[in-house]
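Chemist: Mind having a look at this structure? Questions to follow.
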Amino acid sequence: MSTVDPLLLSTSGGPDPPSKPAAPAPARSSVGSLGCLCRADSASSSVYEDCDTASVNLADEGDAAPRRRLESGVSRAAEGFQSADSQFFHRLSVECSHKESQRKVSWGGAMEMQRSPSSLETGVVSSSQEKPDRPPRGRNKSSQFEDMLSSEHEHEHDPRLIHINDPDRTNDRYEFTGNEIRTSKYTLITFLPKNLFIQFHRLAYVYFLVIAALNQLPPLAVFGRTASLFPLLFVLFVTAIKDGYEDWRRHRSDRNENNREALVLQHGDFRSKKWKSICVGEVVKIHSNETMPCDMVLLGTSDPNGIAYIQTMNLDGESNLKTRYARQETVPMICNSSYLGLIKCEQPNRNIYEFTATMELNSQRIPLGQSNIVLRGCQLKNTEWIIGVVVYAGQETKAMLNSTISRSKCSNLESYMNRETLWLSAFLLITCSVVATGMGVWLFRNTKNLDALPYYRRKYYTFGRENRKDFEFYGLSLQIFFSFLSSVIIFQIMIPISLYITMELVRVGQSYFMIGDTRMYDSSSGSRFQCRSLNINEDLGQIRYIFSDKTGTLTQNKMEFQQASIYGRNYGSSLQVNSDSSHEITPAESSGQHDRKLKSEINVDSVLLALLNEPLFGEERLAAHDFFLTLAACNTVIPVSTGSSSDLTNELNEVGAIDYQGESPDEQALVIAASAYGYKLIERTTGHIVIDVQGERIRLDVLGLHEFDSVRKRMSVVVRFPDDTVKVLVKGADTSMLGILKSGNDDGLFDSFDAKIRETTENHLSSYSLEGLRTLVIGSKYLSDVEFSEWQERYEEASTSMTERSAKLRQAAGLVECNLTLLGATGVEDKLQDGVPEAIESLRQAGIKVWVLTGDKQETAISIGVSCRLLTQSMESIIVNGSSEFECRRLLAEAKEKYGIKSTDFGKDYQNTEDLYNGDVTKLRSSNGQASESGTQNLQLTGVIANDKSEYNEKSPNFDYTELALIIDGNSLVYILEKDLESELFDVATSCKVVICCRVAPLQKAGIVDLIKSRTSDMTLAIGDGANDVSMIQMADVGVGICGQEGRQAVMASDFAMGQFRFLKRLLLVHGHWNYQRMAYMILYNFYRNAVFVLMLFWYILHTAYSATLALTDWSSVFYSLIYTSVPTVVVGILDKDLSHNTLLYYPRLYEAGLRNEAYNMTLFWITMLDTLWQSLVLFYVPFFTYSISTMDIWSMGSLWTIAVVILVNIHLAMDIQRWVLITHLAIWGSIAATFLCMVLIDSIPVFPNYGTIYNMAASGTYWLSVILIIILGLLPRFLCKVIYETFWPSDIQIAREAELLKKLPQQSGSRPERDIS
């Protein structure tokens, strides 16, 4: 993730304003103050906006009126979200004075979605609509990108009116809810009908219900009526008990929550009141460590500056403290106990990172933002008390609106399983049709003899001829129809509905062991692995593409200030700055240099420090002063005293400590660096900043703050100095800052000295990027009276606007963010996480392609790519930096021609192509992307396609066996994704081993994922740690969130979460492999287990005149799937391991078994069905011929078949188990023992027709010999095939398993062999 790296490119400039105009001090009450200080999306590495593009044209000062009309029209469009099939791609052009600057934004244009919408734990999904000309995806399709917060804009023109301390007037129309919450689903009256209604939403239960209902009809009563209802009633009862217990716990929790008490202003005094009785408009007082009962706008705090610290862990999982502010205008309200005023706020919505409101107080309109509201569930910390007015209560609070269930996904393996289920359904219909047709033919031929024939007697004798009972014959047509339905009842388990329930249990067990894996526990952050989705565990074993963010994902996101370019000079080439944000303040030993020093050891550049100690004379000294002043002031970091004194401004010589609280590691690093050089941030409020400059405190009045956003890619603060001059301090990414610097003087002549400084600074920026440093450009400008007045008017109007506030604030920022004086640039190091290079290398060896999608500069991304072994010297790099559609098309065409990349035929089956070439689409260019060991590549950063200048490539122009790397920027992606160039990009990208996308916006990340997801059947995984990764995470088949420094937005939107990127190696190569192999085998085994039982019954029916009669007892048929064979399936699905984790990590290529679908494919399915057919024939005909001349009754034969089929399927399972543990033995052999026990109990009941059968059969040696013969003959073909196949055509997994058994694997600490075991 990029900190402030822009997506926008700008080259505009303008006239230079007067150097130091003195701006008159307007009335302080009319000055827009820091409306949203310390937001989560300040100039930080978190980007909380996927912004829609708008054209904001800022003309010169003489065109103010037409400019306002234009901006008004543009701002209305700026907030509109464009769906994928509408006008996606727009432009953002910001005119600064006389020159135009165009900036291409995001995936066809950035989208203004009000700050991190997808960070909410809601299950709202951002996905992309598939283009009409794309082939449908085999697994699932990309759905339409839609506005995740569109519902929040429905009432933006109908604001909510809150009368402070007047709840009756506020809710005079009874339109607001109370503060009572309810998370439970049921009441005593609604539990039974509602629970049954919810349960029968599952297709499996409906299927069982239909079968049970058919069995209740007399002509179709195949099983006993009680026996047929037992499985359904059992499942419904157990589920109802579970749901009832969970809902009882919710009721108890709701009751405890609603009966908590808080202090509410009543009759002029704060008195205790239950939470459920609090109303909108009431004034509430909260003390330290108490929880907020509802969403409140702050009116005052115990801090004289109106600052309050809250912990939002219950809301978004973040443990760091957040800063909230009470407006200075409301302080007299607290002092005078006169709570009057009107708040106009937006309607309730789920966006916890945005709040738009205004307060009308004493004829003033005061803007309110996200920093002025505290939300339900937050806790007050380090603040004695706060007072606020309730704006949202109960179910309308943001916390309650976000308490929805996340979306569920369907795994790739499950979608294939559904295909085979259709085949089994067709087979079921065929078998039922055969039975019905056979019965019809039999009845037609023997209509006159039905009284004498078995199975079809019209009359049968129950208690003698006198008490005989008529056999109801409904006619030939109805009998055929009834026979068909009866066959459906008998063969019902052919449709493996129970398999879905078994898969749920297995996934829960697999998730338990993944969560408990101590090797994926991050001790540094105290975070363990999380399974947030239980439906896609097996997908982890089939990942082909990994889309990774950089900052905070591959890197630590713990910034260390390393270098600085000030006034064209480079400083700190060996600078080491500790990123610890805690600083001890002690009296300095040197005179006047520091009155405080950092707690930790910090090395500073002595040359720069000497410059800062000189008097404030000279351009270079002034530039250095403004440079560090901007670092200290232009941020949202809050200094918090952790020493004995809480007032830092009065601590002249006292020993204490400052803890810089900030949500952005970038800002903390810059503030720490400024403090190390003597520019210490001491105090920050909504109205002023206090900075200790070399022992002298300077108070800067904050007149306005323009937060960082992903459109502007910069941040600015307008401050008034003690001498009454007004200045704007700006920092941002180079591509957004260099275009708004002043480029000429008043005479229109180009200033060669300024140009030289700019050129030198740009060279420094390039060198920083090559070293992998994150860069920022610093600038400032004095504002004239006219400029300040115009900006102030526009800023106040935008700050108090209830609609399109973000777009209007951007327009106001454009008035001052132009013609800036270049002060310098910074280089901040973000080190790689531990184990990242090794993890990426292993993933690549496993056949997984790793793509990096980042907002950083191209040079920075390439440097990180080399550091993490993503890019190698043997790679040929294709660099696409197009500035137009024509150029992008040409670059892609040249790359395809040079490297022999063929266009993809989407009419072909991608899966077959990938299976043929081990899943590598690069075979389309007749190579597997293998690198030539003797070839070296010289990366070119300036050209169209990097040319290899090595001698090897001059002599050998054949690139068939050369690994390729594609490096493309976000500006090119605008043209490529907008125009009909996606297929060309797809051809080139899939032919490369590595793809690095630079300067990409959040939606462009999702667009790249969708490019692969919608055109192939490959499984995709996206991993990131910030809010700007959410769209990418939700678009991918599997989303992984990193519990990093940027909050938990990515974690809450993900399917799995972990603390470090290196854990991804173990997650995929070990757990992903195990889960896939287990689940694939379990599905095939369930198909086999059910089909062999059904076919055995089918052969019997064919020998009983197609009469749909059974030899098995009703309870044996019911218990077969419920008790006899279910437990071993679940145990093996959870615990079986084909290989140890050490082997899987040592030989990453073993992971390719999942990519090739070795464990589950159509061929294996039909082979399994053939084996099933053979075993069913053995099951039926061995006892049939053994007892053909005996007098054995039908129940005795059924007893033999029951025990034989149970032993057979369990021995079949035992043959394939790779890891035997105690619980596996208990499950397998215990199931066989349980079957004997159940049969003994059933045969001991006198009323059953099979009474005493097992006792007679068990005493016969022929009985046991028949069982042994069935097992041997049934499993012999399978055993022989396994022996032959594993002897002559062993798989990689089989070879590795044999090596494990023979103890021939190398030690883990040894060097990895060049070739895999295969």
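We name chains A, B, ... following the order of the structure tokens; residues begin at 1 in each chain, and ligands are numbered from 1 as shown.
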Can you pull out the residues contacting range 858-873 of chain A? Cut-off 10 Å, using only C-alpha atoms, and skip same-chain residues under 5 positions away; I want them as a PyMOL selection string.
Modeler: chain A and resi 550-551+554-555+765-775+830-833+835-841+844+849-853+879+881+931+933+935-939+941+963-965+967-970+993-999
Chemist: Tell me, which residues of range 274-315 of chain A carry DSSP strand (DSSP E), written as a PyMOL selection string?
Modeler: chain A and resi 274+283-287+295-301+307-311
Chemist: Hey, can you check how far CA of Ser972 in chain A sits from CA of Met715 in chain A?
Modeler: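 Between CA of Ser972 in chain A and CA of Met715 in chain A the gap works out to 25.1 Å.
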Chemist: Restricting the calculation to only C-alpha atoms, which member of A:Trp1195, A:Tyr1160, A:Trp1264, A:Tyr1085 is positioned closest to Pro496 in chain A?
Modeler: A:Tyr1085
Chemist: From the set A:Arg890, A:Arg1297, A:Lys558, A:Lys322, which residue has the shortest atom-to-atom contact distance to Gln370 in chain A, counting only C-alpha atoms?
Modeler: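 Of A:Arg890, A:Arg1297, A:Lys558, A:Lys322, the one nearest Gln370 in chain A, counting only C-alpha atoms, is A:Lys322.
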Chemist: Can you list, as a short mmCIF file (atom, residue, chain, number, x, y, z; two decimals) with N, CA and C atoms, in the first residue's frame, all residues belonging to range 694-920 of chain A that DSSP tags as alpha helix (DSSP H)?
Modeler:
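This is the output file out.cif:
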```cif
data_model
loop_
_atom_site.label_atom_id
_atom_site.label_comp_id
_atom_site.auth_asym_id
_atom_site.auth_seq_id
_atom_site.Cartn_x
_atom_site.Cartn_y
_atom_site.Cartn_z
N ASP A 734 5.36 12.51 -4.92
CA ASP A 734 6.04 13.34 -5.90
C ASP A 734 5.18 13.63 -7.13
N THR A 735 4.46 12.62 -7.62
CA THR A 735 3.70 12.85 -8.85
C THR A 735 2.49 13.76 -8.64
N SER A 736 2.09 13.95 -7.41
CA SER A 736 1.01 14.90 -7.16
C SER A 736 1.54 16.25 -6.72
N MET A 737 2.79 16.31 -6.28
CA MET A 737 3.35 17.56 -5.77
C MET A 737 4.16 18.31 -6.84
N SER A 752 16.29 29.71 -13.32
CA SER A 752 17.20 28.58 -13.52
C SER A 752 17.64 27.97 -12.20
N PHE A 753 17.79 28.81 -11.15
CA PHE A 753 18.22 28.27 -9.86
C PHE A 753 17.15 27.36 -9.26
N ASP A 754 15.90 27.81 -9.29
CA ASP A 754 14.80 26.96 -8.81
C ASP A 754 14.70 25.69 -9.63
N ALA A 755 14.91 25.82 -10.93
CA ALA A 755 14.85 24.64 -11.79
C ALA A 755 15.95 23.65 -11.43
N LYS A 756 17.11 24.18 -11.10
CA LYS A 756 18.21 23.30 -10.72
C LYS A 756 17.91 22.58 -9.42
N ILE A 757 17.33 23.31 -8.45
CA ILE A 757 16.95 22.68 -7.18
C ILE A 757 15.92 21.59 -7.42
N ARG A 758 14.97 21.90 -8.27
CA ARG A 758 13.92 20.91 -8.56
C ARG A 758 14.52 19.67 -9.24
N GLU A 759 15.39 19.90 -10.18
CA GLU A 759 16.01 18.77 -10.89
C GLU A 759 16.83 17.92 -9.92
N THR A 760 17.59 18.60 -9.06
CA THR A 760 18.38 17.86 -8.07
C THR A 760 17.49 17.07 -7.12
N THR A 761 16.40 17.68 -6.69
CA THR A 761 15.47 16.99 -5.79
C THR A 761 14.87 15.76 -6.47
N GLU A 762 14.52 15.91 -7.75
CA GLU A 762 13.97 14.76 -8.47
C GLU A 762 15.00 13.65 -8.60
N ASN A 763 16.25 14.03 -8.78
CA ASN A 763 17.30 13.00 -8.82
C ASN A 763 17.43 12.30 -7.47
N HIS A 764 17.34 13.07 -6.40
CA HIS A 764 17.37 12.46 -5.07
C HIS A 764 16.19 11.52 -4.88
N LEU A 765 15.01 11.93 -5.35
CA LEU A 765 13.83 11.08 -5.24
C LEU A 765 14.05 9.76 -5.98
N SER A 766 14.63 9.82 -7.14
CA SER A 766 14.90 8.59 -7.91
C SER A 766 15.88 7.69 -7.17
N SER A 767 16.92 8.29 -6.59
CA SER A 767 17.89 7.48 -5.85
C SER A 767 17.26 6.88 -4.61
N TYR A 768 16.39 7.63 -3.93
CA TYR A 768 15.69 7.08 -2.76
C TYR A 768 14.84 5.87 -3.18
N SER A 769 14.15 6.03 -4.30
CA SER A 769 13.27 4.95 -4.75
C SER A 769 14.09 3.71 -5.12
N LEU A 770 15.23 3.91 -5.73
CA LEU A 770 16.07 2.78 -6.09
C LEU A 770 16.56 2.04 -4.86
N ASP A 785 -3.81 38.18 1.07
CA ASP A 785 -5.11 38.46 1.65
C ASP A 785 -6.23 37.93 0.77
N VAL A 786 -6.09 38.16 -0.52
CA VAL A 786 -7.14 37.72 -1.45
C VAL A 786 -7.22 36.20 -1.48
N GLU A 787 -6.08 35.55 -1.57
CA GLU A 787 -6.07 34.09 -1.61
C GLU A 787 -6.65 33.50 -0.34
N PHE A 788 -6.27 34.07 0.80
CA PHE A 788 -6.78 33.54 2.06
C PHE A 788 -8.28 33.75 2.20
N SER A 789 -8.75 34.91 1.83
CA SER A 789 -10.18 35.19 1.96
C SER A 789 -10.99 34.26 1.05
N GLU A 790 -10.51 34.10 -0.17
CA GLU A 790 -11.24 33.22 -1.10
C GLU A 790 -11.25 31.79 -0.60
N TRP A 791 -10.09 31.34 -0.13
CA TRP A 791 -10.04 29.97 0.38
C TRP A 791 -10.90 29.81 1.63
N GLN A 792 -10.83 30.79 2.53
CA GLN A 792 -11.59 30.69 3.77
C GLN A 792 -13.08 30.60 3.50
N GLU A 793 -13.56 31.40 2.56
CA GLU A 793 -14.98 31.36 2.23
C GLU A 793 -15.37 29.99 1.67
N ARG A 794 -14.54 29.50 0.76
CA ARG A 794 -14.85 28.20 0.16
C ARG A 794 -14.71 27.07 1.18
N TYR A 795 -13.74 27.17 2.05
CA TYR A 795 -13.51 26.11 3.03
C TYR A 795 -14.65 26.04 4.05
N GLU A 796 -15.10 27.22 4.51
CA GLU A 796 -16.21 27.22 5.47
C GLU A 796 -17.48 26.68 4.83
N GLU A 797 -17.70 27.04 3.58
CA GLU A 797 -18.88 26.54 2.88
C GLU A 797 -18.81 25.02 2.72
N ALA A 798 -17.64 24.51 2.37
CA ALA A 798 -17.50 23.06 2.18
C ALA A 798 -17.57 22.32 3.51
N SER A 799 -16.98 22.90 4.57
CA SER A 799 -16.95 22.22 5.86
C SER A 799 -18.33 22.08 6.46
N ARG A 805 -19.61 16.89 0.62
CA ARG A 805 -18.63 17.63 1.39
C ARG A 805 -17.21 17.32 0.93
N SER A 806 -16.93 16.05 0.64
CA SER A 806 -15.57 15.66 0.25
C SER A 806 -15.15 16.35 -1.04
N ALA A 807 -16.04 16.37 -2.03
CA ALA A 807 -15.70 17.00 -3.31
C ALA A 807 -15.50 18.50 -3.14
N LYS A 808 -16.32 19.12 -2.33
CA LYS A 808 -16.19 20.56 -2.12
C LYS A 808 -14.90 20.90 -1.37
N LEU A 809 -14.52 20.05 -0.43
CA LEU A 809 -13.27 20.28 0.28
C LEU A 809 -12.08 20.12 -0.66
N ARG A 810 -12.16 19.21 -1.60
CA ARG A 810 -11.08 19.06 -2.58
C ARG A 810 -10.97 20.31 -3.45
N GLN A 811 -12.11 20.86 -3.80
CA GLN A 811 -12.09 22.09 -4.59
C GLN A 811 -11.46 23.23 -3.81
N ALA A 812 -11.81 23.32 -2.52
CA ALA A 812 -11.21 24.37 -1.68
C ALA A 812 -9.71 24.16 -1.55
N ALA A 813 -9.29 22.92 -1.43
CA ALA A 813 -7.86 22.64 -1.32
C ALA A 813 -7.12 23.07 -2.58
N GLY A 814 -7.77 22.92 -3.74
CA GLY A 814 -7.13 23.31 -4.98
C GLY A 814 -6.81 24.78 -5.06
N LEU A 815 -7.48 25.61 -4.25
CA LEU A 815 -7.23 27.05 -4.27
C LEU A 815 -5.88 27.40 -3.66
N VAL A 816 -5.43 26.59 -2.69
CA VAL A 816 -4.18 26.93 -2.00
C VAL A 816 -3.06 25.95 -2.34
N VAL A 836 10.07 -12.98 4.27
CA VAL A 836 9.35 -12.70 3.02
C VAL A 836 10.08 -13.26 1.81
N PRO A 837 11.39 -13.02 1.63
CA PRO A 837 12.06 -13.58 0.44
C PRO A 837 11.95 -15.09 0.36
N GLU A 838 12.15 -15.76 1.50
CA GLU A 838 12.07 -17.21 1.49
C GLU A 838 10.66 -17.69 1.17
N ALA A 839 9.65 -16.99 1.71
CA ALA A 839 8.26 -17.38 1.44
C ALA A 839 7.92 -17.22 -0.03
N ILE A 840 8.32 -16.11 -0.63
CA ILE A 840 8.02 -15.88 -2.05
C ILE A 840 8.74 -16.89 -2.93
N GLU A 841 9.97 -17.21 -2.57
CA GLU A 841 10.70 -18.20 -3.36
C GLU A 841 10.01 -19.56 -3.31
N SER A 842 9.55 -19.95 -2.13
CA SER A 842 8.86 -21.23 -2.01
C SER A 842 7.54 -21.23 -2.76
N LEU A 843 6.81 -20.13 -2.69
CA LEU A 843 5.54 -20.04 -3.40
C LEU A 843 5.74 -20.13 -4.91
N ARG A 844 6.78 -19.50 -5.40
CA ARG A 844 7.06 -19.57 -6.83
C ARG A 844 7.46 -20.98 -7.24
N GLN A 845 8.24 -21.66 -6.40
CA GLN A 845 8.60 -23.03 -6.70
C GLN A 845 7.38 -23.94 -6.68
N GLN A 858 7.44 3.33 -9.11
CA GLN A 858 7.93 2.16 -9.85
C GLN A 858 9.30 1.73 -9.36
N GLU A 859 10.19 2.69 -9.16
CA GLU A 859 11.53 2.35 -8.72
C GLU A 859 11.51 1.69 -7.34
N THR A 860 10.67 2.22 -6.44
CA THR A 860 10.55 1.63 -5.11
C THR A 860 10.03 0.21 -5.19
N ALA A 861 9.02 0.00 -6.01
CA ALA A 861 8.44 -1.34 -6.15
C ALA A 861 9.45 -2.32 -6.72
N ILE A 862 10.24 -1.86 -7.71
CA ILE A 862 11.24 -2.74 -8.31
C ILE A 862 12.31 -3.08 -7.27
N SER A 863 12.73 -2.11 -6.51
CA SER A 863 13.75 -2.36 -5.49
C SER A 863 13.25 -3.37 -4.47
N ILE A 864 12.02 -3.23 -4.04
CA ILE A 864 11.45 -4.20 -3.10
C ILE A 864 11.33 -5.56 -3.77
N GLY A 865 10.97 -5.56 -5.07
CA GLY A 865 10.86 -6.82 -5.79
C GLY A 865 12.17 -7.57 -5.84
N VAL A 866 13.27 -6.85 -6.01
CA VAL A 866 14.58 -7.48 -6.00
C VAL A 866 14.94 -7.98 -4.60
N SER A 867 14.61 -7.16 -3.59
CA SER A 867 14.96 -7.52 -2.22
C SER A 867 14.24 -8.80 -1.77
N GLU A 885 -3.59 5.74 -24.97
CA GLU A 885 -4.07 4.44 -25.41
C GLU A 885 -3.19 3.88 -26.53
N PHE A 886 -2.81 4.75 -27.46
CA PHE A 886 -1.98 4.31 -28.59
C PHE A 886 -0.65 3.77 -28.11
N GLU A 887 -0.03 4.47 -27.16
CA GLU A 887 1.27 4.04 -26.68
C GLU A 887 1.18 2.73 -25.91
N CYS A 888 0.13 2.59 -25.08
CA CYS A 888 -0.05 1.33 -24.35
C CYS A 888 -0.27 0.16 -25.30
N ARG A 889 -1.06 0.39 -26.34
CA ARG A 889 -1.29 -0.67 -27.32
C ARG A 889 0.02 -1.06 -28.01
N ARG A 890 0.83 -0.04 -28.33
CA ARG A 890 2.10 -0.31 -29.00
C ARG A 890 3.05 -1.07 -28.09
N LEU A 891 3.11 -0.69 -26.84
CA LEU A 891 4.02 -1.36 -25.91
C LEU A 891 3.65 -2.83 -25.74
N LEU A 892 2.38 -3.09 -25.60
CA LEU A 892 1.95 -4.48 -25.42
C LEU A 892 2.18 -5.29 -26.69
N ALA A 893 1.94 -4.67 -27.85
CA ALA A 893 2.16 -5.37 -29.11
C ALA A 893 3.64 -5.69 -29.32
N GLU A 894 4.50 -4.73 -28.99
CA GLU A 894 5.94 -4.98 -29.13
C GLU A 894 6.41 -6.08 -28.20
N ALA A 895 5.86 -6.09 -26.99
CA ALA A 895 6.24 -7.14 -26.05
C ALA A 895 5.82 -8.51 -26.55
N LYS A 896 4.61 -8.61 -27.09
CA LYS A 896 4.12 -9.90 -27.59
C LYS A 896 4.95 -10.36 -28.78
N GLU A 897 5.33 -9.41 -29.63
CA GLU A 897 6.10 -9.78 -30.81
C GLU A 897 7.52 -10.19 -30.43
N LYS A 898 8.12 -9.45 -29.50
CA LYS A 898 9.50 -9.72 -29.14
C LYS A 898 9.66 -11.06 -28.44
N TYR A 899 8.73 -11.38 -27.56
CA TYR A 899 8.88 -12.59 -26.77
C TYR A 899 8.01 -13.74 -27.26
N TYR A 910 -9.58 -23.63 -20.61
CA TYR A 910 -8.35 -23.23 -19.93
C TYR A 910 -7.87 -24.30 -18.96
N GLN A 911 -8.82 -24.96 -18.35
CA GLN A 911 -8.40 -25.93 -17.37
C GLN A 911 -7.63 -27.06 -18.00
N ASN A 912 -8.09 -27.51 -19.18
CA ASN A 912 -7.37 -28.58 -19.87
C ASN A 912 -5.98 -28.10 -20.28
N THR A 913 -5.90 -26.85 -20.75
CA THR A 913 -4.60 -26.31 -21.15
C THR A 913 -3.65 -26.26 -19.96
N GLU A 914 -4.19 -25.82 -18.81
CA GLU A 914 -3.33 -25.70 -17.64
C GLU A 914 -2.94 -27.06 -17.09
N ASP A 915 -3.86 -28.03 -17.16
CA ASP A 915 -3.51 -29.38 -16.71
C ASP A 915 -2.40 -29.96 -17.58
N LEU A 916 -2.45 -29.67 -18.88
CA LEU A 916 -1.47 -30.22 -19.80
C LEU A 916 -0.09 -29.70 -19.50
#
```
Chemist: Using only C-alpha atoms, determine which residues lie at most 6 Å from range 1052-1059 of chain A, disregarding the query and same-chain residues fewer than 5 positions distant; provide the list as a ChimeraX atom specification.
Modeler: /A:121,522,527,529-533,1039-1043
Chemist: Grab the residues selected above and save them as a PDB file, in the first residue's frame with N, CA and C atoms.
Modeler:
```
ATOM      1  N   GLU A 121     -17.552  -4.524   8.991  1.00  0.00           N
ATOM      2  CA  GLU A 121     -17.741  -5.961   9.107  1.00  0.00           C
ATOM      3  C   GLU A 121     -19.180  -6.282   8.739  1.00  0.00           C
ATOM      4  N   ASP A 522       1.956 -14.949  15.561  1.00  0.00           N
ATOM      5  CA  ASP A 522       2.872 -13.817  15.497  1.00  0.00           C
ATOM      6  C   ASP A 522       3.059 -13.260  16.901  1.00  0.00           C
ATOM      7  N   SER A 527      -0.939 -11.798  17.604  1.00  0.00           N
ATOM      8  CA  SER A 527      -2.085 -12.217  16.796  1.00  0.00           C
ATOM      9  C   SER A 527      -1.879 -13.638  16.312  1.00  0.00           C
ATOM     10  N   PHE A 529      -3.540 -16.988  13.956  1.00  0.00           N
ATOM     11  CA  PHE A 529      -4.240 -17.185  12.698  1.00  0.00           C
ATOM     12  C   PHE A 529      -5.750 -17.213  12.931  1.00  0.00           C
ATOM     13  N   GLN A 530      -6.497 -16.615  12.005  1.00  0.00           N
ATOM     14  CA  GLN A 530      -7.952 -16.555  12.117  1.00  0.00           C
ATOM     15  C   GLN A 530      -8.601 -17.155  10.873  1.00  0.00           C
ATOM     16  N   CYS A 531      -9.599 -17.986  11.097  1.00  0.00           N
ATOM     17  CA  CYS A 531     -10.446 -18.488  10.011  1.00  0.00           C
ATOM     18  C   CYS A 531     -11.774 -17.751  10.090  1.00  0.00           C
ATOM     19  N   ARG A 532     -11.964 -16.806   9.213  1.00  0.00           N
ATOM     20  CA  ARG A 532     -13.182 -16.006   9.224  1.00  0.00           C
ATOM     21  C   ARG A 532     -14.225 -16.555   8.251  1.00  0.00           C
ATOM     22  N   SER A 533     -13.837 -17.489   7.435  1.00  0.00           N
ATOM     23  CA  SER A 533     -14.756 -18.140   6.507  1.00  0.00           C
ATOM     24  C   SER A 533     -14.470 -19.634   6.537  1.00  0.00           C
ATOM     25  N   GLY A1039      -9.458 -14.288   0.286  1.00  0.00           N
ATOM     26  CA  GLY A1039      -8.916 -13.035   0.795  1.00  0.00           C
ATOM     27  C   GLY A1039      -8.223 -13.250   2.125  1.00  0.00           C
ATOM     28  N   VAL A1040      -7.005 -12.737   2.230  1.00  0.00           N
ATOM     29  CA  VAL A1040      -6.213 -12.871   3.454  1.00  0.00           C
ATOM     30  C   VAL A1040      -5.868 -11.476   3.956  1.00  0.00           C
ATOM     31  N   GLY A1041      -6.154 -11.224   5.204  1.00  0.00           N
ATOM     32  CA  GLY A1041      -5.834  -9.942   5.824  1.00  0.00           C
ATOM     33  C   GLY A1041      -4.646 -10.068   6.758  1.00  0.00           C
ATOM     34  N   ILE A1042      -3.818  -9.039   6.751  1.00  0.00           N
ATOM     35  CA  ILE A1042      -2.663  -8.989   7.642  1.00  0.00           C
ATOM     36  C   ILE A1042      -3.006  -8.111   8.840  1.00  0.00           C
ATOM     37  N   CYS A1043      -2.815  -8.626  10.035  1.00  0.00           N
ATOM     38  CA  CYS A1043      -3.040  -7.835  11.250  1.00  0.00           C
ATOM     39  C   CYS A1043      -1.836  -6.928  11.440  1.00  0.00           C
TER      40      CYS A1043
END
```
Chemist: For Asp539 in chain A, which residue among A:Glu175, A:Glu261, A:Asp1018, A:Glu290 is the nearest when counting only C-alpha atoms?
Modeler: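 Smallest separation from Asp539 in chain A among the options: A:Asp1018.
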Chemist: For Ile1271 in chain A, which residue among A:Phe1087, A:Val1182, A:Ile1254, A:Asp1292 is the nearest when counting only C-alpha atoms?
Modeler: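 Of the candidates, the smallest distance to Ile1271 in chain A is held by A:Val1182.
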